[in-house]
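Engineer: For reference, this is entry08.pdb, and it has PDB, C-alpha atoms, pLDDT in the B column.
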```pdb
MODEL        1
ATOM      1  CA  MET Q   1      35.621 -10.170   3.758  1.00 72.00           C
ATOM      2  CA  THR Q   2      39.005  -8.460   3.758  1.00 85.00           C
ATOM      3  CA  LEU Q   3      41.503  -8.802   0.935  1.00 88.00           C
ATOM      4  CA  ALA Q   4      45.106  -9.777   1.612  1.00 92.00           C
ATOM      5  CA  PRO Q   5      47.379  -6.681   1.598  1.00 91.00           C
ATOM      6  CA  GLU Q   6      49.114  -7.612  -1.687  1.00 94.00           C
ATOM      7  CA  LEU Q   7      45.826  -8.255  -3.464  1.00 94.00           C
ATOM      8  CA  ARG Q   8      44.291  -5.101  -1.980  1.00 94.00           C
ATOM      9  CA  LYS Q   9      47.177  -2.984  -3.301  1.00 95.00           C
ATOM     10  CA  PHE Q  10      46.957  -4.641  -6.702  1.00 96.00           C
ATOM     11  CA  VAL Q  11      43.215  -4.002  -6.981  1.00 96.00           C
ATOM     12  CA  LEU Q  12      43.688  -0.415  -5.790  1.00 95.00           C
ATOM     13  CA  THR Q  13      46.454   0.148  -8.345  1.00 97.00           C
ATOM     14  CA  VAL Q  14      44.268  -1.173 -11.158  1.00 97.00           C
ATOM     15  CA  HIS Q  15      41.399   0.978  -9.879  1.00 97.00           C
ATOM     16  CA  ILE Q  16      43.522   4.148  -9.903  1.00 96.00           C
ATOM     17  CA  ILE Q  17      44.941   3.422 -13.353  1.00 97.00           C
ATOM     18  CA  ALA Q  18      41.512   2.634 -14.805  1.00 97.00           C
ATOM     19  CA  SER Q  19      39.843   5.652 -13.161  1.00 96.00           C
ATOM     20  CA  VAL Q  20      42.488   8.180 -14.148  1.00 96.00           C
ATOM     21  CA  GLY Q  21      42.650   6.671 -17.622  1.00 97.00           C
ATOM     22  CA  TRP Q  22      38.871   6.953 -17.860  1.00 96.00           C
ATOM     23  CA  VAL Q  23      39.060  10.684 -17.049  1.00 97.00           C
ATOM     24  CA  GLY Q  24      41.790  11.186 -19.648  1.00 97.00           C
ATOM     25  CA  ILE Q  25      40.065   9.349 -22.449  1.00 97.00           C
ATOM     26  CA  VAL Q  26      36.764  11.129 -21.782  1.00 96.00           C
ATOM     27  CA  ALA Q  27      38.633  14.447 -22.033  1.00 97.00           C
ATOM     28  CA  GLY Q  28      40.056  13.266 -25.366  1.00 97.00           C
ATOM     29  CA  PHE Q  29      36.593  12.163 -26.445  1.00 96.00           C
ATOM     30  CA  LEU Q  30      35.255  15.638 -25.628  1.00 97.00           C
ATOM     31  CA  ALA Q  31      37.995  17.264 -27.701  1.00 97.00           C
ATOM     32  CA  LEU Q  32      37.143  15.031 -30.669  1.00 97.00           C
ATOM     33  CA  ALA Q  33      33.407  15.696 -30.245  1.00 96.00           C
ATOM     34  CA  ILE Q  34      33.977  19.463 -30.293  1.00 96.00           C
ATOM     35  CA  VAL Q  35      36.261  19.269 -33.323  1.00 96.00           C
ATOM     36  CA  GLY Q  36      33.753  17.000 -35.067  1.00 94.00           C
ATOM     37  CA  LEU Q  37      31.016  19.576 -34.592  1.00 93.00           C
ATOM     38  CA  VAL Q  38      32.837  22.813 -35.339  1.00 93.00           C
ATOM     39  CA  SER Q  39      35.582  21.957 -37.825  1.00 93.00           C
ATOM     40  CA  PRO Q  40      34.969  23.131 -41.402  1.00 91.00           C
ATOM     41  CA  ASP Q  41      37.340  20.458 -42.733  1.00 92.00           C
ATOM     42  CA  VAL Q  42      35.412  17.394 -43.891  1.00 90.00           C
ATOM     43  CA  GLN Q  43      38.367  15.060 -43.447  1.00 92.00           C
ATOM     44  CA  ILE Q  44      38.946  16.206 -39.865  1.00 94.00           C
ATOM     45  CA  VAL Q  45      35.241  15.782 -39.059  1.00 93.00           C
ATOM     46  CA  ARG Q  46      35.319  12.281 -40.496  1.00 94.00           C
ATOM     47  CA  ALA Q  47      38.521  11.371 -38.656  1.00 95.00           C
ATOM     48  CA  SER Q  48      37.115  12.723 -35.387  1.00 96.00           C
ATOM     49  CA  TYR Q  49      34.007  10.544 -35.394  1.00 95.00           C
ATOM     50  CA  VAL Q  50      35.883   7.447 -36.526  1.00 96.00           C
ATOM     51  CA  ALA Q  51      38.453   7.989 -33.755  1.00 97.00           C
ATOM     52  CA  MET Q  52      35.660   8.586 -31.225  1.00 96.00           C
ATOM     53  CA  ASP Q  53      33.987   5.312 -32.129  1.00 96.00           C
ATOM     54  CA  LEU Q  54      37.254   3.377 -31.990  1.00 96.00           C
ATOM     55  CA  THR Q  55      38.398   4.812 -28.663  1.00 96.00           C
ATOM     56  CA  TYR Q  56      34.912   4.503 -27.200  1.00 96.00           C
ATOM     57  CA  ARG Q  57      34.728   0.773 -27.871  1.00 95.00           C
ATOM     58  CA  THR Q  58      38.340  -0.106 -27.138  1.00 97.00           C
ATOM     59  CA  VAL Q  59      39.315   2.275 -24.318  1.00 97.00           C
ATOM     60  CA  VAL Q  60      36.405   4.200 -22.775  1.00 96.00           C
ATOM     61  CA  ILE Q  61      34.149   1.217 -22.086  1.00 96.00           C
ATOM     62  CA  PRO Q  62      36.870  -1.180 -20.823  1.00 97.00           C
ATOM     63  CA  LEU Q  63      38.330   1.488 -18.527  1.00 97.00           C
ATOM     64  CA  GLY Q  64      34.911   2.499 -17.250  1.00 96.00           C
ATOM     65  CA  LEU Q  65      33.896  -1.052 -16.428  1.00 96.00           C
ATOM     66  CA  ALA Q  66      37.329  -1.809 -14.928  1.00 97.00           C
ATOM     67  CA  SER Q  67      37.075   1.298 -12.733  1.00 96.00           C
ATOM     68  CA  LEU Q  68      33.617   0.355 -11.491  1.00 96.00           C
ATOM     69  CA  ILE Q  69      34.440  -3.303 -10.843  1.00 96.00           C
ATOM     70  CA  THR Q  70      37.772  -2.675  -9.119  1.00 97.00           C
ATOM     71  CA  GLY Q  71      36.194   0.113  -7.067  1.00 96.00           C
ATOM     72  CA  VAL Q  72      33.494  -2.211  -5.765  1.00 96.00           C
ATOM     73  CA  ILE Q  73      36.024  -4.982  -5.045  1.00 96.00           C
ATOM     74  CA  SER Q  74      38.302  -2.490  -3.296  1.00 95.00           C
ATOM     75  CA  SER Q  75      35.453  -1.252  -1.106  1.00 94.00           C
ATOM     76  CA  PHE Q  76      34.198  -4.670  -0.141  1.00 91.00           C
ATOM     77  CA  GLY Q  77      37.720  -5.951   0.400  1.00 91.00           C
ATOM     78  CA  THR Q  78      38.718  -3.264   2.893  1.00 91.00           C
ATOM     79  CA  ASP Q  79      37.346  -1.686   6.075  1.00 89.00           C
ATOM     80  CA  TRP Q  80      36.009   1.196   4.001  1.00 92.00           C
ATOM     81  CA  GLY Q  81      33.069  -0.910   2.846  1.00 93.00           C
ATOM     82  CA  LEU Q  82      30.682   0.115   0.095  1.00 93.00           C
ATOM     83  CA  PHE Q  83      27.876   1.636   2.182  1.00 95.00           C
ATOM     84  CA  ARG Q  84      29.629   2.798   5.356  1.00 95.00           C
ATOM     85  CA  HIS Q  85      30.814   6.250   4.237  1.00 95.00           C
ATOM     86  CA  TYR Q  86      28.819   8.846   2.343  1.00 96.00           C
ATOM     87  CA  TRP Q  87      31.672   9.678  -0.014  1.00 95.00           C
ATOM     88  CA  ILE Q  88      31.846   6.059  -1.213  1.00 96.00           C
ATOM     89  CA  VAL Q  89      28.066   5.838  -1.625  1.00 95.00           C
ATOM     90  CA  VAL Q  90      28.085   9.097  -3.598  1.00 95.00           C
ATOM     91  CA  LYS Q  91      30.921   7.814  -5.783  1.00 95.00           C
ATOM     92  CA  LEU Q  92      28.904   4.684  -6.466  1.00 94.00           C
ATOM     93  CA  LEU Q  93      25.834   6.780  -7.284  1.00 93.00           C
ATOM     94  CA  LEU Q  94      27.948   8.762  -9.747  1.00 92.00           C
ATOM     95  CA  THR Q  95      29.800   5.875 -11.332  1.00 92.00           C
ATOM     96  CA  VAL Q  96      26.966   3.396 -11.872  1.00 93.00           C
ATOM     97  CA  PRO Q  97      24.789   5.806 -13.921  1.00 89.00           C
ATOM     98  CA  ALA Q  98      27.904   7.020 -15.766  1.00 89.00           C
ATOM     99  CA  ALA Q  99      28.766   3.434 -16.712  1.00 91.00           C
ATOM    100  CA  TRP Q 100      25.176   2.742 -17.734  1.00 90.00           C
ATOM    101  CA  LEU Q 101      25.011   5.896 -19.893  1.00 86.00           C
ATOM    102  CA  MET Q 102      28.350   4.931 -21.393  1.00 89.00           C
ATOM    103  CA  LEU Q 103      27.007   1.535 -22.495  1.00 91.00           C
ATOM    104  CA  VAL Q 104      23.719   3.025 -23.735  1.00 86.00           C
ATOM    105  CA  HIS Q 105      25.556   5.477 -25.981  1.00 84.00           C
ATOM    106  CA  LEU Q 106      27.603   2.897 -27.808  1.00 88.00           C
ATOM    107  CA  HIS Q 107      25.098   2.890 -30.663  1.00 89.00           C
ATOM    108  CA  PRO Q 108      24.861   6.677 -31.231  1.00 89.00           C
ATOM    109  CA  VAL Q 109      28.651   7.006 -31.311  1.00 92.00           C
ATOM    110  CA  ALA Q 110      28.903   4.150 -33.823  1.00 93.00           C
ATOM    111  CA  TYR Q 111      26.103   5.717 -35.859  1.00 92.00           C
ATOM    112  CA  ALA Q 112      27.889   9.069 -36.038  1.00 92.00           C
ATOM    113  CA  ALA Q 113      31.116   7.327 -37.100  1.00 93.00           C
ATOM    114  CA  ARG Q 114      29.347   5.324 -39.808  1.00 92.00           C
ATOM    115  CA  ALA Q 115      27.587   8.416 -41.127  1.00 92.00           C
ATOM    116  CA  ALA Q 116      30.810  10.433 -41.128  1.00 91.00           C
ATOM    117  CA  SER Q 117      32.635   7.607 -42.913  1.00 89.00           C
ATOM    118  CA  ALA Q 118      30.050   7.088 -45.599  1.00 89.00           C
ATOM    119  CA  MET Q 119      28.921  10.628 -46.265  1.00 84.00           C
ATOM    120  CA  THR Q 120      29.941  14.237 -46.133  1.00 82.00           C
ATOM    121  CA  LEU Q 121      28.495  15.769 -42.998  1.00 79.00           C
ATOM    122  CA  SER Q 122      27.481  19.387 -43.330  1.00 78.00           C
ATOM    123  CA  ALA Q 123      27.122  21.617 -40.275  1.00 73.00           C
ATOM    124  CA  ASP Q 124      23.414  20.747 -39.985  1.00 76.00           C
ATOM    125  CA  ASP Q 125      23.695  17.000 -40.501  1.00 81.00           C
ATOM    126  CA  LEU Q 126      23.149  15.022 -37.311  1.00 85.00           C
ATOM    127  CA  ALA Q 127      23.454  18.325 -35.479  1.00 84.00           C
ATOM    128  CA  GLY Q 128      21.366  17.125 -32.523  1.00 85.00           C
ATOM    129  CA  LEU Q 129      23.333  13.934 -32.115  1.00 87.00           C
ATOM    130  CA  ARG Q 130      26.721  15.657 -32.497  1.00 90.00           C
ATOM    131  CA  ALA Q 131      25.823  18.318 -29.944  1.00 90.00           C
ATOM    132  CA  GLN Q 132      24.498  15.625 -27.641  1.00 87.00           C
ATOM    133  CA  LEU Q 133      27.834  13.797 -27.737  1.00 91.00           C
ATOM    134  CA  ILE Q 134      29.516  16.987 -26.515  1.00 93.00           C
ATOM    135  CA  VAL Q 135      26.992  17.485 -23.720  1.00 89.00           C
ATOM    136  CA  TYR Q 136      27.355  13.905 -22.536  1.00 88.00           C
ATOM    137  CA  ALA Q 137      31.149  14.114 -22.641  1.00 93.00           C
ATOM    138  CA  VAL Q 138      31.071  17.322 -20.557  1.00 94.00           C
ATOM    139  CA  VAL Q 139      28.707  15.753 -18.025  1.00 90.00           C
ATOM    140  CA  ALA Q 140      30.774  12.564 -17.907  1.00 92.00           C
ATOM    141  CA  LEU Q 141      33.934  14.588 -17.343  1.00 95.00           C
ATOM    142  CA  LEU Q 142      32.317  16.560 -14.508  1.00 93.00           C
ATOM    143  CA  VAL Q 143      31.070  13.344 -12.916  1.00 93.00           C
ATOM    144  CA  LEU Q 144      34.493  11.700 -13.152  1.00 95.00           C
ATOM    145  CA  LEU Q 145      36.327  14.768 -11.827  1.00 96.00           C
ATOM    146  CA  THR Q 146      33.887  14.947  -8.910  1.00 94.00           C
ATOM    147  CA  SER Q 147      34.451  11.273  -8.265  1.00 95.00           C
ATOM    148  CA  THR Q 148      38.219  11.780  -8.328  1.00 95.00           C
ATOM    149  CA  GLY Q 149      37.895  14.671  -5.897  1.00 95.00           C
ATOM    150  CA  LEU Q 150      35.808  12.578  -3.524  1.00 95.00           C
ATOM    151  CA  SER Q 151      38.433   9.826  -3.595  1.00 94.00           C
ATOM    152  CA  THR Q 152      41.158  12.311  -2.779  1.00 95.00           C
ATOM    153  CA  TYR Q 153      39.472  14.402  -0.089  1.00 95.00           C
ATOM    154  CA  LYS Q 154      37.317  11.618   1.396  1.00 95.00           C
ATOM    155  CA  PRO Q 155      34.865  14.029   3.052  1.00 94.00           C
ATOM    156  CA  ARG Q 156      33.712  12.966   6.496  1.00 91.00           C
ATOM    157  CA  GLY Q 157      30.398  11.376   7.221  1.00 93.00           C
ATOM    158  CA  ARG Q 158      29.368   7.847   8.095  1.00 93.00           C
ATOM    159  CA  THR Q 159      26.069   6.418   6.987  1.00 94.00           C
ATOM    160  CA  SER Q 160      23.721   4.948   9.583  1.00 92.00           C
ATOM    161  CA  TYR Q 161      24.836   1.509   8.444  1.00 91.00           C
ATOM    162  CA  GLY Q 162      28.491   2.512   8.821  1.00 92.00           C
ATOM    163  CA  ALA Q 163      27.837   3.890  12.306  1.00 91.00           C
ATOM    164  CA  ARG Q 164      26.103   0.658  13.356  1.00 91.00           C
ATOM    165  CA  LYS Q 165      28.999  -1.415  12.017  1.00 87.00           C
ATOM    166  CA  LEU Q 166      31.478   0.764  13.902  1.00 88.00           C
ATOM    167  CA  ALA Q 167      29.452   0.546  17.111  1.00 88.00           C
ATOM    168  CA  GLY Q 168      29.097  -3.213  16.726  1.00 85.00           C
ATOM    169  CA  ARG Q 169      32.835  -3.605  16.328  1.00 79.00           C
ATOM    170  CA  SER Q 170      33.738  -1.487  19.359  1.00 74.00           C
ATOM    171  CA  THR Q 171      31.392  -3.358  21.715  1.00 68.00           C
TER
ATOM    172  CA  MET G   1      20.243   6.466  16.665  1.00 51.00           C
ATOM    173  CA  ALA G   2      19.447   8.903  13.879  1.00 58.00           C
ATOM    174  CA  ARG G   3      22.539  10.438  12.310  1.00 71.00           C
ATOM    175  CA  GLU G   4      22.633  13.838  10.701  1.00 81.00           C
ATOM    176  CA  MET G   5      23.464  13.674   7.016  1.00 88.00           C
ATOM    177  CA  PRO G   6      26.518  15.852   6.187  1.00 92.00           C
ATOM    178  CA  ARG G   7      25.774  19.115   4.433  1.00 93.00           C
ATOM    179  CA  TRP G   8      27.903  18.268   1.415  1.00 93.00           C
ATOM    180  CA  VAL G   9      25.757  15.164   0.787  1.00 93.00           C
ATOM    181  CA  LYS G  10      22.599  17.297   0.850  1.00 93.00           C
ATOM    182  CA  ILE G  11      24.156  19.756  -1.611  1.00 93.00           C
ATOM    183  CA  PHE G  12      25.182  16.872  -3.850  1.00 92.00           C
ATOM    184  CA  ALA G  13      21.665  15.441  -3.743  1.00 92.00           C
ATOM    185  CA  ILE G  14      20.153  18.803  -4.743  1.00 94.00           C
ATOM    186  CA  VAL G  15      22.634  19.294  -7.622  1.00 92.00           C
ATOM    187  CA  ALA G  16      22.079  15.707  -8.812  1.00 90.00           C
ATOM    188  CA  ALA G  17      18.298  16.135  -8.687  1.00 91.00           C
ATOM    189  CA  ILE G  18      18.519  19.359 -10.731  1.00 92.00           C
ATOM    190  CA  MET G  19      20.779  17.721 -13.344  1.00 88.00           C
ATOM    191  CA  VAL G  20      18.640  14.605 -13.674  1.00 86.00           C
ATOM    192  CA  THR G  21      15.508  16.738 -14.017  1.00 90.00           C
ATOM    193  CA  ALA G  22      17.178  18.954 -16.629  1.00 87.00           C
ATOM    194  CA  PHE G  23      18.223  15.901 -18.650  1.00 82.00           C
ATOM    195  CA  ALA G  24      14.778  14.366 -18.374  1.00 82.00           C
ATOM    196  CA  VAL G  25      13.117  17.593 -19.535  1.00 85.00           C
ATOM    197  CA  LEU G  26      15.568  18.006 -22.434  1.00 78.00           C
ATOM    198  CA  HIS G  27      14.888  14.457 -23.562  1.00 75.00           C
ATOM    199  CA  ALA G  28      11.141  14.874 -23.146  1.00 78.00           C
ATOM    200  CA  VAL G  29      11.012  17.991 -25.338  1.00 74.00           C
ATOM    201  CA  GLY G  30      13.348  16.437 -27.912  1.00 65.00           C
ATOM    202  CA  GLY G  31      16.104  18.985 -27.444  1.00 57.00           C
ATOM    203  CA  MET G  32      18.715  16.288 -27.051  1.00 56.00           C
ATOM    204  CA  GLY G  33      17.092  13.476 -28.933  1.00 53.00           C
ATOM    205  CA  HIS G  34      19.177  11.282 -31.159  1.00 53.00           C
ATOM    206  CA  LEU G  35      18.489   8.798 -33.915  1.00 49.00           C
ATOM    207  CA  THR G  36      14.839   8.143 -33.197  1.00 44.00           C
ATOM    208  CA  HIS G  37      13.751  11.764 -33.067  1.00 41.00           C
ATOM    209  CA  GLY G  38      16.829  13.751 -33.981  1.00 44.00           C
ATOM    210  CA  ASN G  39      18.006  15.127 -37.273  1.00 46.00           C
ATOM    211  CA  THR G  40      19.449  12.112 -39.008  1.00 47.00           C
ATOM    212  CA  GLY G  41      19.356  13.487 -42.520  1.00 46.00           C
ATOM    213  CA  VAL G  42      22.769  13.418 -44.163  1.00 48.00           C
ATOM    214  CA  HIS G  43      24.018  14.218 -47.626  1.00 48.00           C
ATOM    215  CA  PRO G  44      25.569  11.546 -49.799  1.00 47.00           C
ATOM    216  CA  MET G  45      29.283  12.026 -50.209  1.00 48.00           C
ATOM    217  CA  SER G  46      30.003  14.177 -53.219  1.00 47.00           C
ATOM    218  CA  ALA G  47      32.651  13.245 -55.710  1.00 45.00           C
ATOM    219  CA  GLU G  48      34.932  16.128 -54.818  1.00 44.00           C
ATOM    220  CA  HIS G  49      35.088  15.294 -51.123  1.00 47.00           C
ATOM    221  CA  GLY G  50      37.735  12.958 -49.894  1.00 46.00           C
ATOM    222  CA  ASN G  51      38.061  11.037 -53.109  1.00 43.00           C
ATOM    223  CA  HIS G  52      40.816  12.940 -54.792  1.00 42.00           C
ATOM    224  CA  VAL G  53      43.517  11.108 -56.630  1.00 40.00           C
ATOM    225  CA  LEU G  54      46.503  13.408 -56.746  1.00 39.00           C
TER
ENDMDL
END
```
Produce structure tokens that represent the structure in this file.
Structural biologist:
Amino acid sequence: MTLAPELRKFVLTVHIIASVGWVGIVAGFLALAIVGLVSPDVQIVRASYVAMDLTYRTVVIPLGLASLITGVISSFGTDWGLFRHYWIVVKLLLTVPAAWLMLVHLHPVAYAARAASAMTLSADDLAGLRAQLIVYAVVALLVLLTSTGLSTYKPRGRTSYGARKLAGRST
Amino acid sequence: MAREMPRWVKIFAIVAAIMVTAFAVLHAVGGMGHLTHGNTGVHPMSAEHGNHVL
């Protein structure tokens, strides 16, 4: 199945916007997570976790899912395919777990926001959870930057499946 | 026809395996646990925090 050129460009444009936006909002999320952990100002800590919860639900998750879905459509709808080149397979292997982890951590982020809203968090309160949010944001950022690099450099290497498809087409 | 896997894919696989193992170990020992086995104790909001009327 190959997409019409106009539709292919539209899907690719949405994919780029969603992916780059995803990187940006995760970087913002990391900044808020760090401020939420280290700031001595109670109001700033509270605002950080509330903002994290809001942006997580309204921006991070929609952009992440949009990036994944448009990426898969773009692959299937072009000659690149989803399993023909190693760089696309690796991107998929990075993005699917990242999206899954993103959905799994909806509850902890909401929990931190509720706790910060209702109570005064001291440095020790929810320390494990707050540190964990930073670690996950760092890992997510590394994964997304790697994924962006793969998309840009497109390192060589066809999978066995991709080689068979290429051979089948040329015969 | 067997194809040689590119070196960068092998490096990626090794790095990914190390990271997944590290995360699994951290979760197993509770170092990164949240909610169910993390520190969820919080103090009630005191009157002098955030409730000022100027």
Engineer: Compute the chain Q side of the contact with chain G at 8 Å, counting all atoms listed in the file, and hand it back as a count of residues only.
Structural biologist: 22
Engineer: To verify the selection step, state as a PDB file with C-alpha atoms, in the coordinates of the input which residues the PyMOL selection byres ((chain Q and resi 62-73) around 12) yields on this input.
Structural biologist:
```pdb
ATOM      1  CA  MET Q   1      35.621 -10.170   3.758  1.00 72.00           C
ATOM      2  CA  THR Q   2      39.005  -8.460   3.758  1.00 85.00           C
ATOM      3  CA  LEU Q   3      41.503  -8.802   0.935  1.00 88.00           C
ATOM      4  CA  LEU Q   7      45.826  -8.255  -3.464  1.00 94.00           C
ATOM      5  CA  ARG Q   8      44.291  -5.101  -1.980  1.00 94.00           C
ATOM      6  CA  LYS Q   9      47.177  -2.984  -3.301  1.00 95.00           C
ATOM      7  CA  PHE Q  10      46.957  -4.641  -6.702  1.00 96.00           C
ATOM      8  CA  VAL Q  11      43.215  -4.002  -6.981  1.00 96.00           C
ATOM      9  CA  LEU Q  12      43.688  -0.415  -5.790  1.00 95.00           C
ATOM     10  CA  THR Q  13      46.454   0.148  -8.345  1.00 97.00           C
ATOM     11  CA  VAL Q  14      44.268  -1.173 -11.158  1.00 97.00           C
ATOM     12  CA  HIS Q  15      41.399   0.978  -9.879  1.00 97.00           C
ATOM     13  CA  ILE Q  16      43.522   4.148  -9.903  1.00 96.00           C
ATOM     14  CA  ILE Q  17      44.941   3.422 -13.353  1.00 97.00           C
ATOM     15  CA  ALA Q  18      41.512   2.634 -14.805  1.00 97.00           C
ATOM     16  CA  SER Q  19      39.843   5.652 -13.161  1.00 96.00           C
ATOM     17  CA  VAL Q  20      42.488   8.180 -14.148  1.00 96.00           C
ATOM     18  CA  GLY Q  21      42.650   6.671 -17.622  1.00 97.00           C
ATOM     19  CA  TRP Q  22      38.871   6.953 -17.860  1.00 96.00           C
ATOM     20  CA  VAL Q  23      39.060  10.684 -17.049  1.00 97.00           C
ATOM     21  CA  GLY Q  24      41.790  11.186 -19.648  1.00 97.00           C
ATOM     22  CA  ILE Q  25      40.065   9.349 -22.449  1.00 97.00           C
ATOM     23  CA  VAL Q  26      36.764  11.129 -21.782  1.00 96.00           C
ATOM     24  CA  THR Q  55      38.398   4.812 -28.663  1.00 96.00           C
ATOM     25  CA  TYR Q  56      34.912   4.503 -27.200  1.00 96.00           C
ATOM     26  CA  ARG Q  57      34.728   0.773 -27.871  1.00 95.00           C
ATOM     27  CA  THR Q  58      38.340  -0.106 -27.138  1.00 97.00           C
ATOM     28  CA  VAL Q  59      39.315   2.275 -24.318  1.00 97.00           C
ATOM     29  CA  VAL Q  60      36.405   4.200 -22.775  1.00 96.00           C
ATOM     30  CA  ILE Q  61      34.149   1.217 -22.086  1.00 96.00           C
ATOM     31  CA  SER Q  74      38.302  -2.490  -3.296  1.00 95.00           C
ATOM     32  CA  SER Q  75      35.453  -1.252  -1.106  1.00 94.00           C
ATOM     33  CA  PHE Q  76      34.198  -4.670  -0.141  1.00 91.00           C
ATOM     34  CA  GLY Q  77      37.720  -5.951   0.400  1.00 91.00           C
ATOM     35  CA  THR Q  78      38.718  -3.264   2.893  1.00 91.00           C
ATOM     36  CA  ASP Q  79      37.346  -1.686   6.075  1.00 89.00           C
ATOM     37  CA  TRP Q  80      36.009   1.196   4.001  1.00 92.00           C
ATOM     38  CA  GLY Q  81      33.069  -0.910   2.846  1.00 93.00           C
ATOM     39  CA  LEU Q  82      30.682   0.115   0.095  1.00 93.00           C
ATOM     40  CA  PHE Q  83      27.876   1.636   2.182  1.00 95.00           C
ATOM     41  CA  ILE Q  88      31.846   6.059  -1.213  1.00 96.00           C
ATOM     42  CA  VAL Q  89      28.066   5.838  -1.625  1.00 95.00           C
ATOM     43  CA  LYS Q  91      30.921   7.814  -5.783  1.00 95.00           C
ATOM     44  CA  LEU Q  92      28.904   4.684  -6.466  1.00 94.00           C
ATOM     45  CA  LEU Q  93      25.834   6.780  -7.284  1.00 93.00           C
ATOM     46  CA  LEU Q  94      27.948   8.762  -9.747  1.00 92.00           C
ATOM     47  CA  THR Q  95      29.800   5.875 -11.332  1.00 92.00           C
ATOM     48  CA  VAL Q  96      26.966   3.396 -11.872  1.00 93.00           C
ATOM     49  CA  PRO Q  97      24.789   5.806 -13.921  1.00 89.00           C
ATOM     50  CA  ALA Q  98      27.904   7.020 -15.766  1.00 89.00           C
ATOM     51  CA  ALA Q  99      28.766   3.434 -16.712  1.00 91.00           C
ATOM     52  CA  TRP Q 100      25.176   2.742 -17.734  1.00 90.00           C
ATOM     53  CA  LEU Q 101      25.011   5.896 -19.893  1.00 86.00           C
ATOM     54  CA  MET Q 102      28.350   4.931 -21.393  1.00 89.00           C
ATOM     55  CA  LEU Q 103      27.007   1.535 -22.495  1.00 91.00           C
ATOM     56  CA  ALA Q 140      30.774  12.564 -17.907  1.00 92.00           C
ATOM     57  CA  LEU Q 144      34.493  11.700 -13.152  1.00 95.00           C
ATOM     58  CA  SER Q 147      34.451  11.273  -8.265  1.00 95.00           C
ATOM     59  CA  THR Q 148      38.219  11.780  -8.328  1.00 95.00           C
ATOM     60  CA  SER Q 151      38.433   9.826  -3.595  1.00 94.00           C
TER      61      SER Q 151
END
```
Engineer: Within 9 Å of (33.7, 19.5, -29.6) (coordinates as in the file), grab all the protein and nucleic acid residues, counting only C-alpha atoms, and write them out as a list in words.
Structural biologist: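 I get Phe29, Leu30, Ala31, Leu32, Ala33, Ile34, Val35, Gly36, Leu37, Val38, Ser39, Arg130, Ala131, Leu133 and Ile134 of chain Q for the residues within 9 Å of that point.
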Engineer: Please, what distance in Å, to one decimal, runs between atom CA of Thr21 of chain G and atom CA of Ala27 of chain Q?
Structural biologist: 24.6 Å
Engineer: Do you have the atom CA of Ala123 of chain Q-atom CA of Leu141 of chain Q distance handy?
Structural biologist: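 Rounded to one decimal, the two atoms are 24.9 Å apart.
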Engineer: Using atom CA of Asp124 of chain Q and atom CA of Val139 of chain Q as the two end points, give the distance in Å to one decimal.
Structural biologist: 23.1 Å
Engineer: Kindly indicate which residue among Q:Arg169, Q:Arg164, Q:Lys154, Q:His105 lies nearest to Met52 of chain Q, using all atoms listed in the file for the distances.
Structural biologist: Q:His105
Engineer: Taking (32.5, 1.8, -33.7) as a centre in this file's frame and 7 Å as the limit, can you find every polymer residue with an atom that close, using all atoms listed in the file, and give them as an mmCIF file with C-alpha atoms, keeping the file's coordinate frame?
Structural biologist:
```
data_model
loop_
_atom_site.group_PDB
_atom_site.id
_atom_site.type_symbol
_atom_site.label_atom_id
_atom_site.label_comp_id
_atom_site.auth_asym_id
_atom_site.auth_seq_id
_atom_site.Cartn_x
_atom_site.Cartn_y
_atom_site.Cartn_z
ATOM 1 C CA ASP Q 53 33.987 5.312 -32.129
ATOM 2 C CA LEU Q 54 37.254 3.377 -31.990
ATOM 3 C CA ARG Q 57 34.728 0.773 -27.871
ATOM 4 C CA VAL Q 109 28.651 7.006 -31.311
ATOM 5 C CA ALA Q 110 28.903 4.150 -33.823
ATOM 6 C CA ALA Q 113 31.116 7.327 -37.100
#
```
Engineer: Give me segment 19-26 of chain G with N, CA and C atoms filled in, as a compact mmCIF listing (two decimals), keeping the file's coordinate frame.
Structural biologist:
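out08.txt was written with the following content:
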```
# COMPACT_ATOMS: atom_id res chain seq x y z
N MET G 19 20.20 18.20 -12.08
CA MET G 19 20.78 17.72 -13.34
C MET G 19 19.93 16.62 -13.96
N VAL G 20 19.47 15.70 -13.15
CA VAL G 20 18.64 14.60 -13.67
C VAL G 20 17.34 15.16 -14.24
N THR G 21 16.75 16.13 -13.53
CA THR G 21 15.51 16.74 -14.02
C THR G 21 15.75 17.47 -15.33
N ALA G 22 16.86 18.21 -15.41
CA ALA G 22 17.18 18.95 -16.63
C ALA G 22 17.34 18.00 -17.81
N PHE G 23 18.04 16.88 -17.58
CA PHE G 23 18.22 15.90 -18.65
C PHE G 23 16.89 15.29 -19.07
N ALA G 24 16.07 14.99 -18.07
CA ALA G 24 14.78 14.37 -18.37
C ALA G 24 13.91 15.32 -19.20
N VAL G 25 13.92 16.61 -18.82
CA VAL G 25 13.12 17.59 -19.54
C VAL G 25 13.65 17.77 -20.96
N LEU G 26 14.98 17.85 -21.10
CA LEU G 26 15.57 18.01 -22.43
C LEU G 26 15.21 16.83 -23.33
```
